[in-house]
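K.L.:
Got a structure here, written out as structure tokens. Questions coming.
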Amino acid sequence: MYAQIKFFYAGYCTHPEHIMLRGGRRDILQLPAMFALISHPERGHILFDTGYSEFFFEATKKLPFLLYRKLLPVHLEPENTAREQLKRAGVDPRDIEYVMISHFHGDHIAALHDFPQSKFIYLDKGFRYFQPRKGIFALMKGFVPALVPSDILERSWTLDQTEPSILPPDYFPFTGGWDLFQDGSIWVVELPGHARGQIGVFVNTDEKNRYFLVADACWLKAAYERLILPHPVTRLLKDDFLEYRSTLEKIHHLHQNAPQLHIIPSHCQETLEKHFC
């Protein structure tokens, strides 16, 4: 079975290229906050992440979370939230059955409150790591607690409550994952290193086209194409830099083995301009 996918972004932040790519330019880049609408023929509409929203600005207007906005300036027009873009695309936000949370950094979960009827799909190990953190200890991990709905546990599908299955050989070097609906259309894999419990998603749209949403396993296209790590200062922000490097190497090898695969980092403007709806 196959699913369909459309790409959007809800706002962007700015950051120097040489931080995102070791040896890069000093230019300031716009880093879009991607979200994707995945439409399954039987299970309905699914979001992958949410991008920014007005909730982000409310949650970061006071210290210590105001520092988040100071370090990563965020730009968002009200009409460009996930909720409003979905409406313009003819999708009622109330019809989103699931929201897949790649990881719990603020730019990926800022609009969860806009989907009060949706179920959340994520790795339990990720939420359990972030959830107890408050104040400056949350900020240091890129987590803004106010962005998480209070009833998240009642609405969650935590994938790692079951053992992963063996992936088909053409996904190598990724070998294990979760066949979300047991029909081969959507496979979820863990992408460790950037943030605890980060996931990526393979979406098969027909017999020739497959998309791999890699979240923040890398930030820019050049990183996985040429195997370029970010600036060493980012080690301070990574959950596990050795794991990060290993994950990036896997994505690089997959790209070499299957150059026709559409690899989608969440913040690569070049990639999203190519695929943006």
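Residue numbering restarts at 1 in every chain; chains get A, B, ... in the order shown in the structure tokens, and ligands count up from 1 in that same order.
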Within 9 Å of A:Pro64, counting only C-alpha atoms, which residues qualify if same-chain residues fewer than 5 places away don't, as number ranges by chain?
P.N.:
A: 135-136, 139
K.L.:
Grab the residues selected above and save them as an mmCIF file, in the first residue's frame with N, CA, C and O atoms.
P.N.:
data_model
loop_
_atom_site.group_PDB
_atom_site.id
_atom_site.type_symbol
_atom_site.label_atom_id
_atom_site.label_comp_id
_atom_site.auth_asym_id
_atom_site.auth_seq_id
_atom_site.Cartn_x
_atom_site.Cartn_y
_atom_site.Cartn_z
ATOM 1 N N GLY A 135 12.486 24.834 33.522
ATOM 2 C CA GLY A 135 13.309 26.024 33.565
ATOM 3 C C GLY A 135 14.558 25.932 32.716
ATOM 4 O O GLY A 135 14.544 25.443 31.581
ATOM 5 N N ILE A 136 15.674 26.392 33.269
ATOM 6 C CA ILE A 136 16.923 26.451 32.529
ATOM 7 C C ILE A 136 17.384 25.067 32.098
ATOM 8 O O ILE A 136 18.021 24.907 31.050
ATOM 9 N N LEU A 139 15.520 24.373 28.947
ATOM 10 C CA LEU A 139 16.043 25.231 27.891
ATOM 11 C C LEU A 139 17.350 24.694 27.341
ATOM 12 O O LEU A 139 17.587 24.709 26.125
#
K.L.:
I'd like the contact shell of A:Phe55 - 9 Å cut-off, only C-alpha atoms, skipping same-chain residues fewer than 3 positions apart - returned as a PyMOL selection string.
P.N.:
chain A and resi 52+58-60+110-111+113+146-147
K.L.:
So how far away is atom CA of A:Asp92 from atom CA of A:Ile46, in Å?
P.N.:
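Distance reported for this atom pair: 12.0 Å.
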K.L.:
Give me the residues within 12 Å of stretch 67-74 of chain A as number ranges by chain, counting only C-alpha atoms and dropping any in the same chain fewer than 3 places off.
P.N.:
A: 10-16, 28-33, 51-54, 56-64, 77, 105-107, 110, 135-136, 138-144
K.L.:
Write out as a PyMOL selection string all residues of stretch 179-231 of chain A that DSSP puts in alpha helix (DSSP H) for this structure's backbone.
P.N.:
chain A and resi 221-226
K.L.:
For those residues, write all heavy atoms to a file as a compact mmCIF listing (two decimals), in the first residue's frame.
P.N.:
# COMPACT_ATOMS: atom_id res chain seq x y z
N LYS A 221 21.21 19.75 3.17
CA LYS A 221 21.42 18.73 2.14
C LYS A 221 22.89 18.36 1.98
O LYS A 221 23.24 17.18 1.85
CB LYS A 221 20.85 19.25 0.83
CG LYS A 221 20.98 18.35 -0.36
CD LYS A 221 20.38 19.03 -1.59
CE LYS A 221 20.54 18.15 -2.83
NZ LYS A 221 20.02 18.84 -4.04
N ALA A 222 23.76 19.36 2.01
CA ALA A 222 25.18 19.11 1.81
C ALA A 222 25.75 18.18 2.87
O ALA A 222 26.72 17.45 2.62
CB ALA A 222 25.95 20.43 1.81
N ALA A 223 25.15 18.18 4.06
CA ALA A 223 25.67 17.37 5.16
C ALA A 223 25.61 15.89 4.82
O ALA A 223 26.60 15.15 5.02
CB ALA A 223 24.90 17.66 6.44
N TYR A 224 24.47 15.40 4.32
CA TYR A 224 24.38 13.98 4.01
C TYR A 224 24.98 13.66 2.65
O TYR A 224 25.47 12.55 2.43
CB TYR A 224 22.94 13.47 4.11
CG TYR A 224 22.00 13.90 3.01
CD1 TYR A 224 22.02 13.30 1.76
CD2 TYR A 224 21.05 14.91 3.22
CE1 TYR A 224 21.14 13.68 0.75
CE2 TYR A 224 20.18 15.30 2.23
CZ TYR A 224 20.23 14.69 1.00
OH TYR A 224 19.36 15.08 0.00
N GLU A 225 24.97 14.61 1.72
CA GLU A 225 25.55 14.33 0.41
C GLU A 225 27.07 14.19 0.49
O GLU A 225 27.64 13.29 -0.14
CB GLU A 225 25.20 15.46 -0.57
CG GLU A 225 23.76 15.45 -1.03
CD GLU A 225 23.50 16.49 -2.09
OE1 GLU A 225 24.22 17.52 -2.13
OE2 GLU A 225 22.56 16.29 -2.89
N ARG A 226 27.71 15.07 1.25
CA ARG A 226 29.18 15.11 1.30
C ARG A 226 29.73 14.69 2.66
O ARG A 226 30.93 14.76 2.88
CB ARG A 226 29.66 16.52 0.94
CG ARG A 226 29.39 16.86 -0.51
CD ARG A 226 29.19 18.35 -0.78
NE ARG A 226 30.21 19.18 -0.15
CZ ARG A 226 30.06 20.49 0.06
NH1 ARG A 226 28.93 21.09 -0.29
NH2 ARG A 226 31.02 21.19 0.62
K.L.:
Quick one: everything within 8 Å of A:Arg196, counting only C-alpha atoms, minus sequence neighbours fewer than 6 positions away in the same chain. Send it as a count of residues only.
P.N.:
5
K.L.:
Identify, on the basis of only C-alpha atoms, every residue whose closest approach to stretch 266-271 of chain A does not exceed 8 Å; exclude the query and any residue fewer than 2 positions from it along the same chain; express the result as a list of chain:residue names.
P.N.:
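Once the nearby chain positions are removed, what remains is A:Gln30, A:Leu31, A:Pro32, A:Ala33, A:Met34, A:Phe35, A:Leu213, A:Val214, A:Ala215, A:Asp216, A:Trp219, A:Leu220, A:Lys221, A:Ile264, A:Glu273, A:Lys274, A:His275.
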